[in-house]
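Colleague: Sharing run.csv (CSV, C-alpha atoms) below.
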chain,number,residue,atom,x,y,z
A,14,MET,CA,0.0,0.0,0.0
A,15,LEU,CA,1.2,3.5,-0.8
A,16,ASP,CA,2.4,5.2,2.3
A,17,LEU,CA,2.9,9.0,2.7
A,18,LEU,CA,5.8,9.7,5.1
A,19,GLY,CA,5.1,6.4,6.9
A,20,LEU,CA,1.4,7.0,7.2
A,21,SER,CA,-1.5,5.4,5.2
A,22,PRO,CA,-3.3,7.8,2.9
A,23,GLY,CA,-6.4,7.7,5.1
A,24,LEU,CA,-4.5,8.5,8.3
A,25,PHE,CA,-2.5,11.2,6.5
A,26,ALA,CA,-5.8,12.8,5.3
A,27,LEU,CA,-7.2,12.5,8.9
A,28,PHE,CA,-4.2,14.3,10.3
A,29,VAL,CA,-4.5,17.1,7.6
A,30,ALA,CA,-8.1,17.6,8.5
A,31,PHE,CA,-7.4,17.5,12.3
A,32,GLY,CA,-4.5,19.9,11.7
A,33,PHE,CA,-6.8,22.3,10.0
A,34,MET,CA,-9.2,22.4,12.9
A,35,VAL,CA,-6.3,22.9,15.4
A,36,GLY,CA,-4.8,25.6,13.2
A,37,VAL,CA,-8.0,27.6,13.1
A,38,PHE,CA,-8.1,27.4,16.9
A,39,PHE,CA,-4.5,28.2,17.3
A,40,GLY,CA,-4.6,31.2,15.0
A,41,PHE,CA,-7.7,32.6,16.6
A,42,PHE,CA,-7.1,32.0,20.3
A,43,GLY,CA,-3.3,31.5,20.5
A,44,MET,CA,-3.9,28.1,22.2
A,45,GLY,CA,-5.1,24.6,21.5
A,46,GLY,CA,-2.1,22.8,20.1
A,47,SER,CA,-0.8,20.2,22.5
A,48,PHE,CA,-4.1,20.5,24.4
A,49,LEU,CA,-5.9,18.8,21.5
A,50,VAL,CA,-3.1,16.9,19.5
A,51,THR,CA,-1.6,14.9,22.4
A,52,PRO,CA,-4.8,13.2,23.5
A,53,ALA,CA,-5.7,12.5,19.9
A,54,LEU,CA,-2.4,10.8,19.2
A,55,LEU,CA,-2.7,8.9,22.5
A,56,ILE,CA,-6.2,7.7,21.5
A,57,LEU,CA,-4.8,6.6,18.1
A,58,GLY,CA,-2.4,4.3,20.0
A,59,TYR,CA,0.9,6.3,19.7
A,60,PRO,CA,3.2,5.9,22.7
A,61,ALA,CA,3.2,8.9,25.1
A,62,PRO,CA,6.7,10.2,24.3
A,63,VAL,CA,5.9,10.1,20.5
A,64,ALA,CA,2.5,11.8,21.1
A,65,ILE,CA,4.0,14.5,23.3
A,66,GLY,CA,7.2,15.1,21.2
A,67,SER,CA,5.3,15.2,17.9
A,68,SER,CA,2.7,17.5,19.4
A,69,MET,CA,5.5,19.8,20.7
A,70,ALA,CA,7.1,19.9,17.2
A,71,PHE,CA,3.7,20.5,15.6
A,72,VAL,CA,3.0,23.4,18.1
A,73,PHE,CA,6.3,24.9,17.2
A,74,GLY,CA,5.6,24.8,13.4
A,75,THR,CA,2.0,26.1,13.8
A,76,ALA,CA,3.1,28.8,16.2
A,77,VAL,CA,5.7,30.0,13.6
A,78,ILE,CA,3.0,30.2,10.9
A,79,ALA,CA,0.4,31.9,13.2
A,80,THR,CA,3.0,34.3,14.6
A,81,LEU,CA,4.0,35.4,11.1
A,82,LYS,CA,0.4,36.0,10.2
A,83,HIS,CA,-0.2,38.0,13.4
A,84,HIS,CA,3.1,39.9,12.8
A,85,ASP,CA,1.6,41.0,9.4
A,86,ALA,CA,-1.3,42.5,11.4
A,87,GLY,CA,1.1,44.2,14.0
A,88,GLN,CA,-0.4,42.0,16.8
A,89,VAL,CA,2.8,40.6,18.3
A,90,ASP,CA,4.6,42.3,21.2
A,91,TYR,CA,8.0,40.6,20.8
A,92,ARG,CA,9.6,42.4,23.8
A,93,LEU,CA,6.8,41.4,26.1
A,94,GLY,CA,7.0,37.8,24.8
A,95,ALA,CA,10.8,37.6,25.3
A,96,LEU,CA,10.5,39.1,28.8
A,97,MET,CA,7.8,36.7,29.7
A,98,PHE,CA,9.8,33.8,28.4
A,99,VAL,CA,12.5,34.3,31.1
A,100,GLY,CA,9.8,33.9,33.8
A,101,ILE,CA,8.1,31.0,31.9
A,102,THR,CA,11.4,29.0,31.8
A,103,LEU,CA,12.0,29.5,35.5
A,104,GLY,CA,8.4,28.7,36.3
A,105,ILE,CA,8.5,25.5,34.3
A,106,GLU,CA,11.5,24.3,36.3
A,107,LEU,CA,9.8,25.1,39.5
A,108,GLY,CA,6.5,23.5,38.4
A,109,SER,CA,8.2,20.2,37.4
A,110,ARG,CA,10.1,20.1,40.7
A,111,LEU,CA,6.8,20.5,42.5
A,112,VAL,CA,5.4,17.5,40.6
A,113,PHE,CA,8.5,15.4,41.5
A,114,GLY,CA,8.0,16.4,45.2
A,115,LEU,CA,4.3,15.3,45.0
A,116,GLU,CA,5.3,12.1,43.3
A,117,VAL,CA,7.5,11.3,46.4
A,118,LEU,CA,4.4,11.8,48.5
A,119,GLY,CA,2.4,9.6,46.1
A,120,ILE,CA,-0.3,12.2,45.4
A,121,ALA,CA,1.0,13.7,42.1
A,122,ASP,CA,-1.6,12.3,39.8
A,123,VAL,CA,-4.6,13.3,42.0
A,124,VAL,CA,-3.3,16.8,42.7
A,125,VAL,CA,-2.2,17.5,39.1
A,126,GLY,CA,-5.5,16.1,37.6
A,127,THR,CA,-7.7,18.0,40.0
A,128,ALA,CA,-5.7,21.3,39.5
A,129,TYR,CA,-6.0,20.9,35.7
A,130,VAL,CA,-9.8,20.4,35.9
A,131,ILE,CA,-10.2,23.4,38.3
A,132,LEU,CA,-8.0,25.7,36.3
A,133,LEU,CA,-9.8,25.0,33.0
A,134,ALA,CA,-13.2,25.5,34.7
A,135,ALA,CA,-12.0,28.7,36.3
A,136,ILE,CA,-10.7,30.2,33.1
A,137,GLY,CA,-13.8,29.0,31.3
A,138,ILE,CA,-16.1,30.7,33.8
A,139,LEU,CA,-13.9,33.9,33.7
A,140,PHE,CA,-14.3,34.2,29.9
A,141,THR,CA,-18.0,33.2,29.8
A,142,ARG,CA,-18.9,35.8,32.5
A,143,SER,CA,-16.7,38.4,30.9
A,144,ALA,CA,-18.4,37.9,27.5
A,145,MET,CA,-21.9,37.9,29.1
A,146,ASN,CA,-21.1,41.2,31.0
A,147,GLN,CA,-19.8,42.8,27.8
A,148,ASP,CA,-23.1,41.7,26.1
A,149,ASP,CA,-25.1,43.4,28.9
A,150,GLU,CA,-23.0,46.6,28.7
A,151,ALA,CA,-23.5,46.7,25.0
A,152,ASP,CA,-27.3,46.2,25.5
A,153,ASP,CA,-27.3,49.0,28.1
A,154,GLY,CA,-25.6,51.3,25.6
A,155,GLY,CA,-22.3,51.5,27.6
A,156,ASP,CA,-19.5,53.5,26.1
A,157,GLU,CA,-17.7,51.5,23.4
A,158,ASP,CA,-15.4,54.1,22.1
A,159,GLY,CA,-13.0,54.6,25.0
A,160,PRO,CA,-9.3,54.5,24.1
A,161,ASP,CA,-8.6,51.5,26.3
A,162,ASP,CA,-11.9,49.8,25.6
A,163,ASP,CA,-10.1,46.7,24.4
A,164,VAL,CA,-8.3,46.3,27.8
A,165,PRO,CA,-10.3,44.6,30.7
A,166,GLU,CA,-11.1,46.7,33.8
A,167,ILE,CA,-8.9,44.5,36.0
A,168,ALA,CA,-5.9,44.9,33.8
A,169,ARG,CA,-6.4,48.7,33.8
A,170,LYS,CA,-6.4,48.6,37.6
A,171,ILE,CA,-3.2,46.6,37.7
A,172,GLN,CA,-1.5,48.9,35.2
A,173,SER,CA,-2.4,51.9,37.4
A,174,TYR,CA,0.1,50.6,40.1
A,175,ASN,CA,3.4,52.2,39.2
A,176,ILE,CA,6.0,49.8,40.5
A,177,PRO,CA,9.3,50.5,38.7
A,178,PRO,CA,10.9,49.4,36.4
A,179,MET,CA,8.0,50.1,34.1
A,180,MET,CA,8.1,48.7,30.5
A,181,THR,CA,6.4,50.3,27.5
A,182,LEU,CA,4.3,47.8,25.6
A,183,ALA,CA,4.0,47.8,21.8
A,184,ASP,CA,0.6,49.6,22.0
A,185,GLY,CA,2.2,52.4,24.1
A,186,SER,CA,0.7,51.4,27.4
A,187,THR,CA,3.0,50.5,30.3
A,188,ALA,CA,3.3,47.5,32.6
A,189,SER,CA,5.6,46.9,35.6
A,190,LEU,CA,8.4,44.4,34.9
A,191,TRP,CA,7.4,42.7,38.1
A,192,THR,CA,3.9,42.1,36.7
A,193,ILE,CA,5.4,40.7,33.5
A,194,SER,CA,7.9,38.5,35.3
A,195,GLY,CA,5.2,37.4,37.7
A,196,VAL,CA,2.8,36.5,34.9
A,197,GLY,CA,5.6,34.6,33.0
A,198,GLY,CA,6.6,32.8,36.2
A,199,GLY,CA,3.0,31.9,37.0
A,200,VAL,CA,2.3,30.6,33.4
A,201,GLY,CA,5.5,28.6,33.5
A,202,LEU,CA,4.6,27.2,36.9
A,203,VAL,CA,1.3,26.0,35.6
A,204,SER,CA,2.9,24.7,32.4
A,205,GLY,CA,5.6,22.7,34.3
A,206,PHE,CA,3.1,21.5,36.9
A,207,LEU,CA,0.4,20.3,34.5
A,208,GLY,CA,2.8,19.2,31.7
A,209,VAL,CA,0.9,21.2,29.1
A,210,GLY,CA,1.9,23.9,26.6
A,211,GLY,CA,0.2,26.5,28.6
A,212,GLY,CA,-1.4,28.6,25.9
A,213,PHE,CA,-4.8,28.4,27.6
A,214,VAL,CA,-3.2,30.2,30.6
A,215,ARG,CA,-0.7,32.4,28.7
A,216,MET,CA,-3.2,34.2,26.5
A,217,PRO,CA,-5.7,35.0,29.3
A,218,ALA,CA,-2.9,36.1,31.6
A,219,ILE,CA,-1.5,38.5,29.1
A,220,TYR,CA,-5.0,39.9,28.4
A,221,TYR,CA,-6.3,40.1,32.0
A,222,VAL,CA,-3.2,40.8,34.0
A,223,ILE,CA,-0.7,42.6,31.8
A,224,GLY,CA,-3.4,44.4,29.9
A,225,THR,CA,-3.1,44.3,26.1
A,226,SER,CA,-5.9,44.0,23.5
A,227,LEU,CA,-7.2,40.5,23.0
A,228,ALA,CA,-5.6,40.4,19.5
A,229,ALA,CA,-2.2,41.4,20.9
A,230,ALA,CA,-2.6,38.9,23.7
A,231,VAL,CA,-3.2,36.2,21.1
A,232,GLY,CA,-0.3,37.3,18.9
A,233,THR,CA,2.1,37.5,21.9
A,234,SER,CA,0.9,34.2,23.3
A,235,LEU,CA,1.6,32.6,20.0
A,236,PHE,CA,5.2,34.0,20.1
A,237,GLY,CA,5.5,32.5,23.6
A,238,GLY,CA,4.2,29.2,22.1
A,239,LEU,CA,6.8,29.4,19.4
A,240,MET,CA,9.6,29.7,22.0
A,241,SER,CA,8.3,27.0,24.4
A,242,GLY,CA,7.5,24.7,21.4
A,243,ALA,CA,11.1,25.1,20.2
A,244,VAL,CA,12.4,24.1,23.6
A,245,GLY,CA,10.0,21.2,23.9
A,246,ALA,CA,10.8,20.0,20.3
A,247,PHE,CA,14.5,20.2,21.1
A,248,THR,CA,14.1,18.2,24.3
A,249,TYR,CA,12.0,15.4,22.8
A,250,GLY,CA,14.0,15.6,19.5
A,251,ARG,CA,17.1,14.6,21.4
A,252,SER,CA,15.3,11.3,22.3
A,253,GLY,CA,14.4,10.7,18.6
A,254,VAL,CA,10.7,10.3,19.3
A,255,ILE,CA,9.3,13.0,17.0
A,256,ASP,CA,7.5,11.5,14.1
A,257,LEU,CA,8.0,13.9,11.2
A,258,GLY,CA,5.3,12.2,9.1
A,259,ILE,CA,2.6,13.1,11.7
A,260,VAL,CA,4.1,16.6,12.1
A,261,THR,CA,4.1,17.2,8.3
A,262,ALA,CA,0.5,16.0,7.8
A,263,LEU,CA,-0.8,18.1,10.8
A,264,LEU,CA,1.2,21.1,9.5
A,265,LEU,CA,-0.3,20.8,6.0
A,266,GLY,CA,-3.7,21.4,7.5
A,267,SER,CA,-2.8,23.7,10.3
A,268,ALA,CA,-0.9,26.1,8.1
A,269,LEU,CA,-4.2,26.9,6.2
A,270,GLY,CA,-6.3,26.8,9.4
A,271,ALA,CA,-3.9,29.1,11.3
A,272,ARG,CA,-4.0,31.7,8.4
A,273,ILE,CA,-7.8,31.6,8.5
A,274,GLY,CA,-8.0,31.7,12.3
A,275,SER,CA,-5.4,34.5,12.5
A,276,GLY,CA,-7.1,36.4,9.7
A,277,ALA,CA,-10.5,36.0,11.4
A,278,THR,CA,-9.3,37.9,14.5
A,279,ALA,CA,-9.3,41.1,12.3
A,280,TYR,CA,-12.9,40.5,11.2
A,281,VAL,CA,-14.8,38.8,14.0
A,282,ASP,CA,-16.0,40.8,16.9
A,283,GLU,CA,-14.2,39.4,20.0
A,284,ASP,CA,-17.4,39.3,22.0
A,285,ASP,CA,-19.0,37.0,19.5
A,286,VAL,CA,-16.5,34.3,20.0
A,287,THR,CA,-15.2,34.9,23.6
A,288,ILE,CA,-18.3,33.2,25.0
A,289,TYR,CA,-17.6,30.1,22.9
A,290,PHE,CA,-14.1,30.0,24.1
A,291,GLY,CA,-15.3,30.1,27.7
A,292,ILE,CA,-17.8,27.3,27.0
A,293,MET,CA,-15.2,25.2,25.3
A,294,LEU,CA,-12.9,25.5,28.3
A,295,LEU,CA,-15.7,24.4,30.6
A,296,LEU,CA,-16.4,21.4,28.3
A,297,ALA,CA,-12.7,20.7,28.2
A,298,SER,CA,-12.7,20.8,32.0
A,299,LEU,CA,-15.4,18.2,32.0
A,300,ALA,CA,-13.5,16.1,29.4
A,301,VAL,CA,-10.3,16.2,31.5
A,302,GLY,CA,-12.2,15.4,34.6
A,303,LEU,CA,-13.8,12.3,32.9
A,304,GLY,CA,-10.3,11.3,31.7
A,305,GLU,CA,-9.0,11.4,35.2
A,306,LEU,CA,-12.0,9.4,36.5
A,307,ALA,CA,-11.3,6.9,33.7
A,308,THR,CA,-7.8,6.3,35.2
A,309,TRP,CA,-9.0,6.3,38.9
A,310,LEU,CA,-12.0,4.0,38.2
A,311,ALA,CA,-10.2,1.9,35.5
A,312,ARG,CA,-13.1,2.6,33.1
A,313,PRO,CA,-11.7,3.1,29.5
A,314,ILE,CA,-15.1,4.1,28.2
A,315,LEU,CA,-14.9,7.3,30.2
A,316,ASP,CA,-11.6,8.1,28.3
A,317,GLN,CA,-13.5,7.7,25.0
A,318,ILE,CA,-16.4,9.9,26.1
A,319,SER,CA,-13.8,12.5,27.3
A,320,PHE,CA,-12.1,12.4,23.9
A,321,VAL,CA,-15.5,12.8,22.0
A,322,ILE,CA,-16.4,15.8,24.3
A,323,LEU,CA,-12.9,17.4,23.7
A,324,ILE,CA,-13.0,17.0,19.9
A,325,GLY,CA,-16.7,17.7,19.6
A,326,SER,CA,-16.5,21.0,21.5
A,327,SER,CA,-13.4,22.0,19.5
A,328,LEU,CA,-15.2,21.3,16.2
A,329,LEU,CA,-18.2,23.3,17.3
A,330,VAL,CA,-16.0,26.3,18.3
A,331,CYS,CA,-14.0,26.0,15.1
A,332,GLY,CA,-17.2,26.0,13.1
A,333,MET,CA,-18.4,29.1,15.0
A,334,ILE,CA,-15.2,31.0,14.2
A,335,LEU,CA,-15.6,30.2,10.5
A,336,TYR,CA,-19.3,31.1,10.6
A,337,HIS,CA,-18.8,34.4,12.4
A,338,GLY,CA,-15.8,35.1,10.1
A,339,ALA,CA,-17.9,34.6,7.0
A,340,LEU,CA,-20.7,36.8,8.5
A,341,ALA,CA,-18.2,39.5,9.4
A,342,VAL,CA,-16.7,39.5,5.9
A,343,ARG,CA,-20.2,39.8,4.4
A,344,ARG,CA,-21.1,42.7,6.8
A,345,ARG,CA,-17.8,44.5,6.1
A,346,ASP,CA,-18.1,44.2,2.3
A,347,ALA,CA,-21.7,45.2,2.4
A,348,ALA,CA,-21.2,48.3,4.6
A,349,PRO,CA,-19.8,50.8,2.0
A,350,SER,CA,-22.6,50.1,-0.5
A,351,ALA,CA,-25.3,50.4,2.2
B,8,MET,CA,10.1,9.1,10.0
B,9,THR,CA,11.9,10.3,13.1
B,10,GLY,CA,15.0,12.5,13.6
B,11,THR,CA,17.1,9.4,14.2
B,12,GLU,CA,16.1,8.0,10.9
B,13,LEU,CA,16.8,11.4,9.2
B,14,LEU,CA,20.4,11.5,10.4
B,15,PRO,CA,21.5,8.0,11.5
B,16,GLY,CA,24.5,8.1,13.7
B,17,ALA,CA,24.3,11.8,14.5
B,18,SER,CA,24.4,13.1,18.1
B,19,PRO,CA,21.1,13.6,19.9
B,20,SER,CA,21.5,17.4,19.9
B,21,VAL,CA,22.2,17.5,16.1
B,22,THR,CA,19.2,15.2,15.5
B,23,ALA,CA,17.0,17.5,17.5
B,24,LEU,CA,18.3,20.6,15.7
B,25,ALA,CA,17.7,18.8,12.4
B,26,VAL,CA,14.1,18.1,13.3
B,27,ILE,CA,13.5,21.7,14.3
B,28,ALA,CA,15.1,22.9,11.1
B,29,VAL,CA,12.9,20.5,9.0
B,30,VAL,CA,9.8,21.8,10.8
B,31,LEU,CA,10.9,25.4,10.4
B,32,VAL,CA,11.5,25.0,6.7
B,33,GLU,CA,8.1,23.2,6.3
B,34,ALA,CA,6.4,26.0,8.2
B,35,ALA,CA,8.0,28.7,6.1
B,36,LEU,CA,7.2,26.9,2.8
B,37,LEU,CA,3.6,26.4,3.9
B,38,TYR,CA,3.3,30.0,5.0
B,39,VAL,CA,4.6,31.3,1.7
B,40,GLY,CA,2.6,28.7,-0.3
B,41,TYR,CA,-0.7,29.4,1.3
B,42,GLY,CA,0.1,33.1,1.3
B,43,TYR,CA,0.4,32.9,-2.5
B,44,LEU,CA,-2.9,31.0,-2.7
B,45,GLU,CA,-4.6,33.6,-0.4
B,46,GLU,CA,-3.5,36.4,-2.7
B,47,LYS,CA,-4.8,34.6,-5.8
B,48,LEU,CA,-8.0,33.1,-4.4
B,49,GLY,CA,-8.8,35.5,-1.5
B,50,PRO,CA,-10.7,38.1,-3.5
B,51,THR,CA,-12.8,35.3,-5.2
B,52,VAL,CA,-13.7,33.7,-1.9
B,53,PHE,CA,-14.7,37.1,-0.4
B,54,ARG,CA,-16.9,37.9,-3.4
B,55,ARG,CA,-18.6,34.5,-3.1
B,56,LEU,CA,-19.1,35.0,0.6
B,57,GLN,CA,-20.9,38.3,-0.2
B,58,ARG,CA,-23.2,36.6,-2.7
B,59,ILE,CA,-24.3,33.7,-0.5
Spit out the file's structure as structure tokens when you get a sec.

Modeller:
Amino acid sequence: MLDLLGLSPGLFALFVAFGFMVGVFFGFFGMGGSFLVTPALLILGYPAPVAIGSSMAFVFGTAVIATLKHHDAGQVDYRLGALMFVGITLGIELGSRLVFGLEVLGIADVVVGTAYVILLAAIGILFTRSAMNQDDEADDGGDEDGPDDDVPEIARKIQSYNIPPMMTLADGSTASLWTISGVGGGVGLVSGFLGVGGGFVRMPAIYYVIGTSLAAAVGTSLFGGLMSGAVGAFTYGRSGVIDLGIVTALLLGSALGARIGSGATAYVDEDDVTIYFGIMLLLASLAVGLGELATWLARPILDQISFVILIGSSLLVCGMILYHGALAVRRRDAAPSA
Amino acid sequence: MTGTELLPGASPSVTALAVIAVVLVEAALLYVGYGYLEEKLGPTVFRRLQRI
């Protein structure tokens, strides 16, 4: 049978389609790489090191493409990304040491699993509530033209504390280096502790704590993903476990998806999709919770249900991004002639 | 195909760097390739979206 880079044509096509979905996600939200790819590869029967290593290499490649696309739109704050990376690296080290400490006590799996579920649910609730509040403000005719309207209230409050040294962000606003380092360290700690890429924490942290626009938070988070993906790919690449056939097939799809997802950020109203992002994280929390239960109760069926929820909710949100993107393009093109 | 199969006998660090280089080249080529397609097909897709 004709193989494409060691994969059957059917499996190759499946990876291209799956890569497309992940790419849309990654380009639009600046997250979703290892979060979706690693469980999918594990379900398909790949050994954990191959699944994680190939996922890391894929995240690196997709982050390169999505960052370039966001760069074209001026949505990447490279200095902020680089400053955060220092804290992220230290945090990852600290987080992984914490896990080793818990392993000695014999409670690592329970604590890590529970923390993952709670964190996903908390960020999901934060985004869902924020989107619903914005909807209410819009309904009440709240001011929508303020200069910092893109920046959440909590971030504006944090920015108002002047703790030197202050750094100027790409959009001209300022943030304390302590805040940036703290956010980087916190994101790294979560990444190292949970063993995930951390995009789902990195992007909200940049948006809600450092205080950039959502588009800039996505672009800068992608740049962070590029750097941490490179480090992860190097680490796993040294063990020779990265399957370039899987990475190539996923990249073929994700390169297109990431372009569409990144491009959609310029068209789609953030409020239209933020709520779906929040709901998706809540469903992901449920999926991860079921996955943990599957291990504890030795019920593999729960693992499969968890996978279906994860992929199903991702497909739904991906469809919503494409739908709202198409609607926004139609509205924008129709506006001058109206 | 893994990095080890790509460069048999190479040191682990060289293998890892080769994998990163391959992924980087693939990403760059795909970015340029799909960018070209976007330029050529983008306006048509936008027009069709408007008509739907």

Colleague: Sorted by chain and rising residue number, which residues of segment 182-248 of chain A lie within 10 Å of segment 13-34 of chain B, and what are their closest atom pairs and distances in Å to one decimal, counting only C-alpha atoms, as CSV?

Modeller:
residue,atom,partner,partner_atom,distance
A:Gly242,CA,B:Ile27,CA,9.8
A:Ala243,CA,B:Ile27,CA,7.2
A:Val244,CA,B:Ile27,CA,9.7
A:Ala246,CA,B:Ile27,CA,6.8
A:Phe247,CA,B:Ala23,CA,5.1
A:Thr248,CA,B:Ala23,CA,7.4

Colleague: Write out, as an mmCIF file, in the coordinates of the input, the residues just selected, with C-alpha atoms.

Modeller:
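What ended up in again04.cif:
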data_model
loop_
_atom_site.group_PDB
_atom_site.id
_atom_site.type_symbol
_atom_site.label_atom_id
_atom_site.label_comp_id
_atom_site.auth_asym_id
_atom_site.auth_seq_id
_atom_site.Cartn_x
_atom_site.Cartn_y
_atom_site.Cartn_z
ATOM 1 C CA GLY A 242 7.500 24.700 21.400
ATOM 2 C CA ALA A 243 11.100 25.100 20.200
ATOM 3 C CA VAL A 244 12.400 24.100 23.600
ATOM 4 C CA ALA A 246 10.800 20.000 20.300
ATOM 5 C CA PHE A 247 14.500 20.200 21.100
ATOM 6 C CA THR A 248 14.100 18.200 24.300
#

Colleague: Please provide as a PyMOL selection string all residues within 8 Å of segment 203-215 of chain A, with the sequence filter that same-chain residues fewer than 2 positions apart are discarded (counting only C-alpha atoms).

Modeller: chain A and resi 43-48+104-109+111-112+125-126+128-129+136+197+199-201+217-219+234-235+238+241-242

Colleague: For chain A versus chain B, which residues have an atom no more than 8 Å away, and what is each residue's nearest atom pair and distance in Å rounded to one decimal, using only C-alpha atoms, chain-then-number order, as CSV?

Modeller:
residue,atom,partner,partner_atom,distance
A:Leu18,CA,B:Met8,CA,6.5
A:Gly19,CA,B:Met8,CA,6.5
A:Ala70,CA,B:Val30,CA,7.2
A:Phe71,CA,B:Val30,CA,7.9
A:Phe73,CA,B:Val30,CA,7.9
A:Gly74,CA,B:Ala34,CA,5.4
A:Thr75,CA,B:Ala34,CA,7.1
A:Val77,CA,B:Ala34,CA,6.8
A:Ile78,CA,B:Tyr38,CA,5.9
A:Ala243,CA,B:Ile27,CA,7.2
A:Ala246,CA,B:Ile27,CA,6.8
A:Phe247,CA,B:Ala23,CA,5.1
A:Thr248,CA,B:Ala23,CA,7.4
A:Tyr249,CA,B:Ala23,CA,7.6
A:Gly250,CA,B:Ala23,CA,4.1
A:Arg251,CA,B:Pro19,CA,4.4
A:Ser252,CA,B:Pro19,CA,6.7
A:Gly253,CA,B:Thr11,CA,5.3
A:Val254,CA,B:Thr9,CA,6.3
A:Ile255,CA,B:Thr9,CA,5.4
A:Asp256,CA,B:Thr9,CA,4.7
A:Leu257,CA,B:Met8,CA,5.4
A:Gly258,CA,B:Met8,CA,5.8
A:Val260,CA,B:Val30,CA,7.8
A:Thr261,CA,B:Glu33,CA,7.5
A:Leu264,CA,B:Ala34,CA,7.3
A:Leu265,CA,B:Leu37,CA,7.1
A:Ala268,CA,B:Leu37,CA,6.2
A:Leu269,CA,B:Tyr41,CA,6.5
A:Ala339,CA,B:Leu56,CA,6.5
A:Val342,CA,B:Phe53,CA,7.0
A:Arg343,CA,B:Gln57,CA,4.9
A:Asp346,CA,B:Gln57,CA,7.0
A:Ala347,CA,B:Gln57,CA,7.4

Colleague: Please, what distance in Å, to one decimal, runs between atom CA of Leu315 of chain A and atom CA of Ala297 of chain A?

Modeller: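 Spanning atom CA of Leu315 of chain A to atom CA of Ala297 of chain A is a straight-line distance of 13.7 Å.
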
Colleague: Counting all atoms listed in the file, what is within 9 Å of Ile171 of chain A, bar same-chain residues fewer than 3 positions away, as a PDB file with C-alpha atoms, keeping the file's coordinate frame?

Modeller:
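File produced: around_23.pdb:
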ATOM      1  CA  GLU A 166     -11.100  46.700  33.800  1.00  0.00           C
ATOM      2  CA  ILE A 167      -8.900  44.500  36.000  1.00  0.00           C
ATOM      3  CA  ALA A 168      -5.900  44.900  33.800  1.00  0.00           C
ATOM      4  CA  TYR A 174       0.100  50.600  40.100  1.00  0.00           C
ATOM      5  CA  ASN A 175       3.400  52.200  39.200  1.00  0.00           C
ATOM      6  CA  ALA A 188       3.300  47.500  32.600  1.00  0.00           C
ATOM      7  CA  THR A 192       3.900  42.100  36.700  1.00  0.00           C
ATOM      8  CA  VAL A 222      -3.200  40.800  34.000  1.00  0.00           C
ATOM      9  CA  ILE A 223      -0.700  42.600  31.800  1.00  0.00           C
ATOM     10  CA  GLY A 224      -3.400  44.400  29.900  1.00  0.00           C
TER      11      GLY A 224
END

Colleague: Residues near Gly338 of chain A, anyone? I mean within 7 Å using only C-alpha atoms, not counting same-chain ones fewer than 5 positions away, as an MDAnalysis selection string.

Modeller: chainID A and resid 277 280:281

Colleague: To one decimal in Å, tell me the separation between atom CA of Gly198 of chain A and atom CA of Ile101 of chain A.

Modeller: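 About the pair atom CA of Gly198 of chain A and atom CA of Ile101 of chain A: they are 4.9 Å apart.
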
Colleague: Grab the atom CA of Gly332 of chain A to atom CA of Met34 of chain A distance for me, in Å with one decimal place.

Modeller: 8.8 Å
